[in-house]
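Asks: Have a look at the structure that comes next, please.
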2 protein chains.
Amino acid sequence: MTMNWQRHREEHLARIKAGSAVANGKIVEARDATRLLEAVVRPGDRVCLEGDNQKQADLLSSALLAVDRTKVNNLHMVQSGVVLPSHLDLFDHGIAKRLDYAYSGPQSARIATMLFGGKIELGAVHTYLELFARYFIDLTPNVALIAAVSADRDGNLYTGPNTEDTPTVVEATAFKDGVVVAQVNEIVDRIPRVDIPGDRIDFVVEADKPFFVEPLFTRDPGAITETQILTAMMAIKGIYAPYGVKRLNHGIGFSTAAIELLLPTFADKLGLKGKIASHFALNPHPALIPAIESGWVQQIHSFGSEVGMEDYIRARPDVYFTGADGSLRSNRAFSQVAGLYACDMFIGSTLQIDLDGNSSTITTQRIAGFGGAPNMGSDPRGRRHPSEPWLQAGKEADPDGPAPLRRGRKLVVQIGETFGEKNVPLFVEKLDALALAEKLKLDLAPVMIYGDDVTHIVTEEGIANLLLCRDGREREQAIRGVAGYTDVGRARDKKMVQHLRERGVIRRPEDLGIDLLDVDRNLLAARSIKDLVRWSGGLYSPPSKFRNW
Amino acid sequence: MTMNWQRHREEHLARIKAGSAVANGKIVEARDATRLLEAVVRPGDRVCLEGDNQKQADLLSSALLAVDRTKVNNLHMVQSGVVLPSHLDLFDHGIAKRLDYAYSGPQSARIATMLFGGKIELGAVHTYLELFARYFIDLTPNVALIAAVSADRDGNLYTGPNTEDTPTVVEATAFKDGVVVAQVNEIVDRIPRVDIPGDRIDFVVEADKPFFVEPLFTRDPGAITETQILTAMMAIKGIYAPYGVKRLNHGIGFSTAAIELLLPTFADKLGLKGKIASHFALNPHPALIPAIESGWVQQIHSFGSEVGMEDYIRARPDVYFTGADGSLRSNRAFSQVAGLYACDMFIGSTLQIDLDGNSSTITTQRIAGFGGAPNMGSDPRGRRHPSEPWLQAGKEADPDGPAPLRRGRKLVVQIGETFGEKNVPLFVEKLDALALAEKLKLDLAPVMIYGDDVTHIVTEEGIANLLLCRDGREREQAIRGVAGYTDVGRARDKKMVQHLRERGVIRRPEDLGIDLLDVDRNLLAARSIKDLVRWSGGLYSPPSKFRNW
């Protein structure tokens, strides 16, 4: 029997031939985008419709939605972000059937409804890096529909600062004989730099308007609460300083924005400059501008970019990764790898924490996905290089273990207020994620960060150092001991909590030498978006929704 | 105070200007390579001298060794492979001082001597992915000296099948205003495909001979022992089959080569085709040819290539990742990510295993580094997608845990003979790695895979399933119970081992229905390199050292 080992290649050529009927070379008019997709997408295909944390191939998403569904149907969508309404309309219209994804922030309520209603056949919810991993093993896209800033006539692409997932998606698709279609804001004679070589791109569609990109990492300092300032002070003095954390990732909440804004003020007075927070895997957070301008930050590698930060980044190439053209080069895959293996700390917020320390941002009404937190908020057991913070955390967890055989531990910190938005308690007896798993009959509850990976929980009541807990009961009481007036907090064993405090497992603000009377908005290096613009010397240009002047 | 935020960029431009004095555009003659490096490398620089698992920028290594060391000295080498003698000569000559690396196979004895002698200041030994992670955070190269097959006059590079680390090294260096110098085998008008865009490359040196590349993944089936065949049969019947392992990575030893060669024979008779071993993160192992030809393998993503496999890969694009030019596109970073997060099993061999299941390939005379095994042989706690094998392993480890909150486990299998080469026992009371850590005053003993990540140990005496052990004592006896006539094996508690066997923690060949009389070389689908060539239809072209005809 003679086998055909070139089926993918032959099919690729056939698709390119079909698509070429509506193209001029590689170039396709925007009005022909749907016809192009009808020519190159086949029923049952695995399709990556980019689909990042911020950047969206919105024209191609609309074009796909307009296909004749007798020609294109039963698609298996494999994309990190399910963000646009059209991403879900594809399932409503019977064009797409199955979904593997990582993040669905703005669509989290609708995706929940559609999952409950059986409109979507769920593969799995992943982290970004995990989904990228599967692109190379068993979820390789047959078609990738991506977005870039500009292209030349050979299909070379300039992604600009929001490179994000694009190189990874293209590599997995193009080198496995998949079809790659790019929408670009414009076609030019010469692109500013080559982010993706043209020989990986089959078709280029010139869009009638720039691709959609959302500023997800802008936090208005004016909205930071005094409680958040307090928890930020506690984190700096109780965790950053004693462990000497230099290499780290911050979540996107207001609590970590407060930390960023306290570096050049509160942390500076503590003499911590140069000793903490110098190397980041982080998007270009505007809240970090004062720390950068004050010389705190040596280097930042970014997953994506942030709207309005373009000129600032361009003027600070010593800090950011930029191309010869001057603009940011981000890369989600590499930044996630950096966050996993080269950072000593992940610190972020969550919606619910249970008595084991498991946390989740999922409620029974909203399935937001994971994004990157579970990757960076896990203890990387494959890590083999030591560092002071990592060794110290490992020693606290296992003081009696034989030193050279004792691994370090990554610092994984959950920071939040005991009562969150709308006075909903942060601490719960049972995660909503569990109820969701039962309802959807999932093998696995969508837990963001597991309790055995969490090392510290910071609330306005104190810091619980879970590394120092010796059993499940101590861990439970350490958590209750910082859970404030929530039901979980009030049900604490007071004597045991007192004992944990004496052992330093729980530390109150006063144990850290923080006087509540000192907690003041004036500690923030910037107290408004306008302050951030001022710090940047006018280089930061916030999107209009963040301007009130 | 006005800060200069463009220091790296200005320095980059100054270096390029200095280098341009010996260049014609980007092109530099081989005889001018040392002058080029004297112009673009500065004392104390972090330098990545590529330095992969297989491909070596050997011309640039020799050129660097010839620099005037009053001009270029105190370099901090940050490279995954320390493989060529010249890599270490740099330290002997006082050009390089500090080293962060991942793998040093052929130089493992000399690197040990130089570390003991204080000739090398050791940063840390990493895994590949971990070192790549640090390229983006705190070990970003100032200069990258890389290797490719060909370049055009704009510096666009074709790496050919051995893409390996190159895209990652170039991305970290070029986008942080570092200098990138590529040696290429030839300069051509048009390269077959663009593996690296030219605007990331500063200088191209045309080498007088092709870069050195080593066939590391070729195992002669003729050298496989009957014991290895037995352990391979046990692994297939006792692990691959019951867990249904489809997505996996194999180590490079003879034991896993035996598994590859038993798929179309022994495993086929068991009816396992399509049920196991279909998706790999794996270099193009010649030993897998019979399984591929028999239709077992759906897809392989590769870290690098393998000498002699070029034409075979080119003819099997349905299986391998290839470019439009037809040759393999490998990528170590993505394949390591795939091995970490998308594979359900890692199986490999080691040199020493202790009573806790910790293993190491390091002796007090040889420091071979880690390569990729610790990354793929660790339990990825950031994984969030379920699979049957993963869930089943998780359940075995924690049968009483609440199902939806119970994570799965990666299968991490150590396979070997109780006595290895020169009759050295595989099982030891204390790892040599510990003695080494003491001697070099390392914070961390160089353990390849930690016992708490290992799930199974396979020897000719049996399979120990460590997932089923409930405490350290059970684990120790399970290990002793498959350690044969080594000292560790003979010191077993016979009664407890018997009890563990009754519980299925230990399974002997006969427990798996394997008759030792059936163990036969004829079970191997290929019994020689020549057989592999035959299976490939003459497409596989083994290097001369593997030819005896």
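Naming works like this for the structure tokens: A, B, ... for the chains as they're shown, residue 1 at the start of each chain, ligands 1 onward in shown order.
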Show which residues sit within 6 Å of range 331-338 of chain B, as a list in words. Count only C-alpha atoms, and ignore same-chain residues fewer than 3 positions away.
Replies: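 My list of contacting residues is Ala133 of chain A; Thr163, Glu164, Asp165, Ala281, Ser302, Phe303, Tyr341 and Ala342 of chain B.
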Asks: For a quick test of understanding: name the residues of chain A lying within 6 Å of chain B when counting only C-alpha atoms, and present them as a short mmCIF file (atom, residue, chain, number, x, y, z; two decimals) with all heavy atoms, in the first residue's frame.
Replies:
```cif
data_model
loop_
_atom_site.label_atom_id
_atom_site.label_comp_id
_atom_site.auth_asym_id
_atom_site.auth_seq_id
_atom_site.Cartn_x
_atom_site.Cartn_y
_atom_site.Cartn_z
N TRP A 5 1.69 10.91 2.22
CA TRP A 5 2.20 11.62 3.41
C TRP A 5 2.17 13.13 3.21
O TRP A 5 2.78 13.86 3.96
CB TRP A 5 3.63 11.19 3.70
CG TRP A 5 3.75 9.73 4.02
CD1 TRP A 5 4.06 8.72 3.16
CD2 TRP A 5 3.56 9.13 5.30
NE1 TRP A 5 4.07 7.53 3.84
CE2 TRP A 5 3.77 7.74 5.15
CE3 TRP A 5 3.22 9.62 6.58
CZ2 TRP A 5 3.67 6.84 6.20
CZ3 TRP A 5 3.12 8.73 7.63
CH2 TRP A 5 3.34 7.35 7.44
N GLN A 6 1.52 13.57 2.14
CA GLN A 6 1.53 14.99 1.81
C GLN A 6 0.11 15.52 1.79
O GLN A 6 -0.18 16.50 1.10
CB GLN A 6 2.16 15.21 0.43
CG GLN A 6 3.37 14.35 0.14
CD GLN A 6 4.67 15.14 0.27
OE1 GLN A 6 4.66 16.36 0.42
NE2 GLN A 6 5.78 14.45 0.21
N HIS A 8 -1.73 17.09 3.99
CA HIS A 8 -1.87 18.47 4.48
C HIS A 8 -1.34 19.46 3.46
O HIS A 8 -1.94 20.50 3.23
CB HIS A 8 -1.10 18.65 5.80
CG HIS A 8 -1.62 17.81 6.92
ND1 HIS A 8 -1.02 17.76 8.15
CD2 HIS A 8 -2.67 16.98 6.99
CE1 HIS A 8 -1.69 16.92 8.94
NE2 HIS A 8 -2.68 16.43 8.25
N ALA A 124 -11.60 22.60 26.58
CA ALA A 124 -11.14 22.92 27.93
C ALA A 124 -10.83 24.40 28.03
O ALA A 124 -10.66 25.08 27.03
CB ALA A 124 -9.90 22.09 28.29
N HIS A 126 -7.98 26.82 29.29
CA HIS A 126 -6.54 26.69 29.50
C HIS A 126 -5.97 27.99 30.05
O HIS A 126 -6.63 29.01 30.07
CB HIS A 126 -5.83 26.43 28.17
CG HIS A 126 -6.35 25.29 27.38
ND1 HIS A 126 -7.53 25.34 26.66
CD2 HIS A 126 -5.84 24.06 27.16
CE1 HIS A 126 -7.73 24.18 26.06
NE2 HIS A 126 -6.73 23.39 26.34
N GLU A 130 -0.41 27.17 28.07
CA GLU A 130 -0.87 25.79 27.92
C GLU A 130 -1.59 25.59 26.58
O GLU A 130 -1.40 24.58 25.90
CB GLU A 130 -1.82 25.53 29.08
CG GLU A 130 -2.46 24.20 29.17
CD GLU A 130 -3.44 24.17 30.35
OE1 GLU A 130 -3.73 25.24 30.94
OE2 GLU A 130 -3.91 23.07 30.67
N ALA A 133 0.98 25.53 23.96
CA ALA A 133 1.63 24.22 23.98
C ALA A 133 0.83 23.23 23.13
O ALA A 133 1.39 22.48 22.32
CB ALA A 133 1.76 23.71 25.42
N ARG A 134 -0.48 23.27 23.29
CA ARG A 134 -1.31 22.31 22.54
C ARG A 134 -1.37 22.64 21.05
O ARG A 134 -1.65 21.75 20.23
CB ARG A 134 -2.71 22.22 23.16
CG ARG A 134 -2.66 21.65 24.59
CD ARG A 134 -4.03 21.34 25.12
NE ARG A 134 -4.64 20.20 24.45
CZ ARG A 134 -5.91 19.82 24.60
NH1 ARG A 134 -6.69 20.52 25.43
NH2 ARG A 134 -6.39 18.78 23.96
N PHE A 175 3.79 26.28 9.78
CA PHE A 175 4.74 25.18 9.62
C PHE A 175 4.07 23.80 9.72
O PHE A 175 4.74 22.78 9.75
CB PHE A 175 5.90 25.31 10.62
CG PHE A 175 6.80 26.48 10.32
CD1 PHE A 175 6.83 27.60 11.13
CD2 PHE A 175 7.60 26.46 9.18
CE1 PHE A 175 7.65 28.68 10.83
CE2 PHE A 175 8.42 27.54 8.87
CZ PHE A 175 8.45 28.65 9.69
N LYS A 176 2.74 23.79 9.81
CA LYS A 176 2.03 22.50 9.72
C LYS A 176 1.05 22.55 8.55
O LYS A 176 -0.01 21.93 8.57
CB LYS A 176 1.30 22.23 11.05
CG LYS A 176 0.99 20.75 11.29
CD LYS A 176 2.22 19.96 11.66
CE LYS A 176 2.13 18.48 11.33
NZ LYS A 176 1.83 18.14 9.97
N ARG A 316 11.74 55.12 26.22
CA ARG A 316 12.39 54.42 27.34
C ARG A 316 12.89 53.04 26.92
O ARG A 316 12.60 52.03 27.57
CB ARG A 316 11.40 54.27 28.51
CG ARG A 316 10.86 55.57 29.09
CD ARG A 316 11.91 56.35 29.86
NE ARG A 316 11.43 57.62 30.39
CZ ARG A 316 11.50 58.79 29.75
NH1 ARG A 316 12.05 58.86 28.54
NH2 ARG A 316 11.04 59.90 30.30
N PRO A 317 13.66 52.97 25.82
CA PRO A 317 14.10 51.64 25.35
C PRO A 317 15.05 50.93 26.32
O PRO A 317 15.20 49.72 26.22
CB PRO A 317 14.77 51.95 24.02
CG PRO A 317 15.19 53.38 24.12
CD PRO A 317 14.14 54.06 24.97
N ASP A 318 15.68 51.67 27.23
CA ASP A 318 16.52 50.97 28.20
C ASP A 318 15.71 50.06 29.10
O ASP A 318 16.22 49.09 29.65
CB ASP A 318 17.28 51.98 29.08
CG ASP A 318 18.51 52.54 28.35
OD1 ASP A 318 18.79 52.09 27.23
OD2 ASP A 318 19.17 53.43 28.92
N PHE A 321 11.50 46.18 25.93
CA PHE A 321 11.99 45.52 24.72
C PHE A 321 11.37 46.23 23.52
O PHE A 321 10.14 46.29 23.38
CB PHE A 321 11.59 44.04 24.70
CG PHE A 321 12.47 43.16 25.55
CD1 PHE A 321 12.41 43.23 26.93
CD2 PHE A 321 13.37 42.28 24.97
CE1 PHE A 321 13.23 42.42 27.73
CE2 PHE A 321 14.20 41.47 25.75
CZ PHE A 321 14.13 41.55 27.13
N THR A 322 12.21 46.78 22.66
CA THR A 322 11.72 47.50 21.48
C THR A 322 12.48 47.04 20.25
O THR A 322 13.58 46.50 20.34
CB THR A 322 11.92 49.02 21.63
OG1 THR A 322 13.32 49.28 21.79
CG2 THR A 322 11.17 49.58 22.84
N GLY A 323 11.89 47.31 19.10
CA GLY A 323 12.55 46.99 17.84
C GLY A 323 13.39 48.17 17.36
O GLY A 323 13.36 49.25 17.95
N VAL A 337 6.57 32.38 29.71
CA VAL A 337 7.69 31.51 30.10
C VAL A 337 8.55 32.22 31.13
O VAL A 337 8.97 31.65 32.14
CB VAL A 337 8.53 31.12 28.86
CG1 VAL A 337 9.84 30.47 29.28
CG2 VAL A 337 7.74 30.18 27.96
N ALA A 338 8.79 33.52 30.89
CA ALA A 338 9.58 34.31 31.84
C ALA A 338 8.88 34.40 33.19
O ALA A 338 9.51 34.29 34.24
CB ALA A 338 9.83 35.71 31.26
N TYR A 341 9.30 30.78 34.89
CA TYR A 341 10.60 30.23 35.30
C TYR A 341 11.61 31.27 35.77
O TYR A 341 12.59 30.90 36.41
CB TYR A 341 11.21 29.44 34.14
CG TYR A 341 10.78 27.99 34.09
CD1 TYR A 341 10.37 27.39 32.90
CD2 TYR A 341 10.82 27.20 35.23
CE1 TYR A 341 10.00 26.05 32.85
CE2 TYR A 341 10.46 25.85 35.19
CZ TYR A 341 10.05 25.28 34.00
OH TYR A 341 9.70 23.96 33.96
N ALA A 342 11.44 32.55 35.41
CA ALA A 342 12.49 33.52 35.77
C ALA A 342 12.03 34.50 36.84
O ALA A 342 12.82 35.34 37.26
CB ALA A 342 12.96 34.27 34.53
N PRO A 374 -2.75 31.21 36.34
CA PRO A 374 -2.40 29.89 36.88
C PRO A 374 -1.01 29.43 36.48
O PRO A 374 -0.36 28.68 37.22
CB PRO A 374 -3.46 28.96 36.26
CG PRO A 374 -4.60 29.87 35.89
CD PRO A 374 -3.94 31.16 35.48
N ASN A 375 -0.55 29.88 35.32
CA ASN A 375 0.81 29.55 34.91
C ASN A 375 1.82 30.24 35.81
O ASN A 375 2.69 29.61 36.40
CB ASN A 375 1.01 29.98 33.45
CG ASN A 375 2.46 29.87 32.99
OD1 ASN A 375 3.04 28.80 33.00
ND2 ASN A 375 3.04 30.99 32.58
N SER A 378 1.82 29.33 39.77
CA SER A 378 2.07 27.95 40.17
C SER A 378 3.54 27.81 40.52
O SER A 378 4.37 28.58 40.04
CB SER A 378 1.71 26.98 39.04
OG SER A 378 2.61 27.12 37.95
N ARG A 381 8.00 23.41 39.28
CA ARG A 381 8.83 22.34 39.83
C ARG A 381 9.98 21.98 38.92
O ARG A 381 10.92 21.30 39.33
CB ARG A 381 7.96 21.13 40.13
CG ARG A 381 6.86 21.49 41.12
CD ARG A 381 5.80 20.42 41.20
NE ARG A 381 6.26 19.26 41.88
CZ ARG A 381 6.14 19.05 43.19
NH1 ARG A 381 5.56 19.95 43.94
NH2 ARG A 381 6.57 17.96 43.73
N GLY A 382 9.94 22.46 37.67
CA GLY A 382 11.07 22.22 36.76
C GLY A 382 12.17 23.24 36.92
O GLY A 382 13.18 23.16 36.24
N ARG A 384 15.44 25.03 38.19
CA ARG A 384 16.67 24.50 38.77
C ARG A 384 17.68 25.57 39.17
O ARG A 384 18.75 25.24 39.67
CB ARG A 384 17.35 23.52 37.78
CG ARG A 384 16.57 22.22 37.52
CD ARG A 384 16.50 21.35 38.75
NE ARG A 384 15.79 20.10 38.53
CZ ARG A 384 14.46 19.96 38.66
NH1 ARG A 384 13.71 20.99 39.01
NH2 ARG A 384 13.89 18.79 38.43
N HIS A 385 17.37 26.87 38.95
CA HIS A 385 18.35 27.88 39.39
C HIS A 385 17.88 28.49 40.70
O HIS A 385 16.71 28.81 40.86
CB HIS A 385 18.58 28.95 38.32
CG HIS A 385 17.47 29.97 38.23
ND1 HIS A 385 16.30 29.74 37.55
CD2 HIS A 385 17.36 31.23 38.72
CE1 HIS A 385 15.52 30.80 37.63
NE2 HIS A 385 16.14 31.72 38.34
N PRO A 404 20.58 20.87 50.49
CA PRO A 404 20.82 20.83 49.04
C PRO A 404 19.77 20.04 48.26
O PRO A 404 19.69 20.17 47.05
CB PRO A 404 22.20 20.18 48.91
CG PRO A 404 22.61 19.76 50.27
CD PRO A 404 21.59 20.15 51.26
N LEU A 405 18.97 19.23 48.95
CA LEU A 405 17.91 18.50 48.26
C LEU A 405 16.56 19.21 48.38
O LEU A 405 15.56 18.77 47.83
CB LEU A 405 17.78 17.08 48.82
CG LEU A 405 18.78 16.06 48.28
CD1 LEU A 405 18.56 14.71 48.95
CD2 LEU A 405 18.68 15.92 46.77
N ASP A 443 -14.74 17.63 34.61
CA ASP A 443 -13.85 16.77 35.39
C ASP A 443 -13.10 17.56 36.44
O ASP A 443 -12.68 17.02 37.46
CB ASP A 443 -12.83 16.11 34.45
CG ASP A 443 -13.47 15.06 33.57
OD1 ASP A 443 -14.30 14.30 34.09
OD2 ASP A 443 -13.15 15.02 32.37
N LEU A 444 -12.95 18.85 36.15
CA LEU A 444 -12.07 19.68 36.95
C LEU A 444 -12.76 21.00 37.24
O LEU A 444 -13.21 21.67 36.31
CB LEU A 444 -10.83 19.94 36.09
CG LEU A 444 -9.46 20.05 36.70
CD1 LEU A 444 -9.12 18.80 37.49
CD2 LEU A 444 -8.44 20.25 35.58
N ALA A 445 -12.83 21.40 38.50
CA ALA A 445 -13.37 22.73 38.80
C ALA A 445 -12.37 23.78 38.32
O ALA A 445 -11.16 23.59 38.46
CB ALA A 445 -13.59 22.87 40.30
#
```
Asks: Residues at most 7 Å from Val78 in chain B, counting only C-alpha atoms, excluding those fewer than 3 positions away in the same chain, as a list in words?
Replies: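 Non-adjacent residues within range: Arg46, Val47, Cys48, Leu99, Asp100 and Tyr101 of chain B.
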Asks: What's the 12 Å shell around range 523-528 of chain B, counting only C-alpha atoms, without same-chain residues fewer than 3 positions away, as a PyMOL selection string?
Replies: chain B and resi 218-226+228-230+232-233+255+257-269+286-294+518-520+531-536+542+546-549
Asks: Which distance in Å separates CA of Ile120 in chain A and CA of Lys71 in chain A, to one decimal?
Replies: 19.7 Å
Asks: Using CA of Leu88 in chain B and CA of Asn53 in chain B as the two end points, give the distance in Å to one decimal.
Replies: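 Distance reported for this atom pair: 15.9 Å.
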Asks: Would you list the contacts of Arg492 in chain B as an mmCIF file with N, CA, C and O atoms, in the first residue's frame, taking every protein, DNA or RNA residue within 10 Å and counting only C-alpha atoms, but skipping same-chain residues closer than 4 positions in sequence?
Replies:
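Generated output (part_36.cif):
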```cif
data_model
loop_
_atom_site.group_PDB
_atom_site.id
_atom_site.type_symbol
_atom_site.label_atom_id
_atom_site.label_comp_id
_atom_site.auth_asym_id
_atom_site.auth_seq_id
_atom_site.Cartn_x
_atom_site.Cartn_y
_atom_site.Cartn_z
ATOM 1 N N GLU B 476 9.976 4.101 49.599
ATOM 2 C CA GLU B 476 11.325 3.522 49.673
ATOM 3 C C GLU B 476 11.294 2.030 49.341
ATOM 4 O O GLU B 476 12.110 1.537 48.562
ATOM 5 N N GLN B 477 10.331 1.312 49.914
ATOM 6 C CA GLN B 477 10.275 -0.132 49.669
ATOM 7 C C GLN B 477 9.836 -0.451 48.246
ATOM 8 O O GLN B 477 10.259 -1.454 47.670
ATOM 9 N N ALA B 478 9.005 0.420 47.669
ATOM 10 C CA ALA B 478 8.612 0.223 46.269
ATOM 11 C C ALA B 478 9.836 0.352 45.373
ATOM 12 O O ALA B 478 10.014 -0.415 44.416
ATOM 13 N N ILE B 479 10.704 1.309 45.707
ATOM 14 C CA ILE B 479 11.934 1.495 44.926
ATOM 15 C C ILE B 479 12.886 0.321 45.141
ATOM 16 O O ILE B 479 13.395 -0.266 44.189
ATOM 17 N N ARG B 480 13.073 -0.033 46.399
ATOM 18 C CA ARG B 480 13.937 -1.199 46.679
ATOM 19 C C ARG B 480 13.399 -2.442 45.969
ATOM 20 O O ARG B 480 14.155 -3.282 45.493
ATOM 21 N N GLY B 481 12.093 -2.503 45.883
ATOM 22 C CA GLY B 481 11.439 -3.691 45.327
ATOM 23 C C GLY B 481 11.643 -3.888 43.836
ATOM 24 O O GLY B 481 11.324 -4.950 43.305
ATOM 25 N N VAL B 482 12.132 -2.879 43.142
ATOM 26 C CA VAL B 482 12.443 -3.054 41.711
ATOM 27 C C VAL B 482 13.934 -2.818 41.460
ATOM 28 O O VAL B 482 14.355 -2.683 40.307
ATOM 29 N N ALA B 483 14.722 -2.769 42.552
ATOM 30 C CA ALA B 483 16.141 -2.422 42.422
ATOM 31 C C ALA B 483 17.047 -3.635 42.246
ATOM 32 O O ALA B 483 18.273 -3.526 42.258
ATOM 33 N N GLY B 484 16.435 -4.810 42.062
ATOM 34 C CA GLY B 484 17.196 -6.009 41.711
ATOM 35 C C GLY B 484 18.274 -6.354 42.724
ATOM 36 O O GLY B 484 18.073 -6.206 43.941
ATOM 37 N N ASP B 487 22.779 -3.136 45.948
ATOM 38 C CA ASP B 487 22.759 -3.081 47.414
ATOM 39 C C ASP B 487 21.404 -2.572 47.896
ATOM 40 O O ASP B 487 20.847 -3.073 48.877
ATOM 41 N N VAL B 488 20.892 -1.567 47.218
ATOM 42 C CA VAL B 488 19.597 -1.004 47.589
ATOM 43 C C VAL B 488 18.491 -2.050 47.466
ATOM 44 O O VAL B 488 17.615 -2.165 48.328
ATOM 45 N N MET B 496 7.221 -6.441 53.181
ATOM 46 C CA MET B 496 6.540 -5.228 52.736
ATOM 47 C C MET B 496 6.496 -5.157 51.206
ATOM 48 O O MET B 496 5.495 -4.766 50.609
ATOM 49 N N VAL B 497 7.597 -5.570 50.577
ATOM 50 C CA VAL B 497 7.628 -5.582 49.110
ATOM 51 C C VAL B 497 6.554 -6.538 48.577
ATOM 52 O O VAL B 497 5.846 -6.228 47.616
#
```
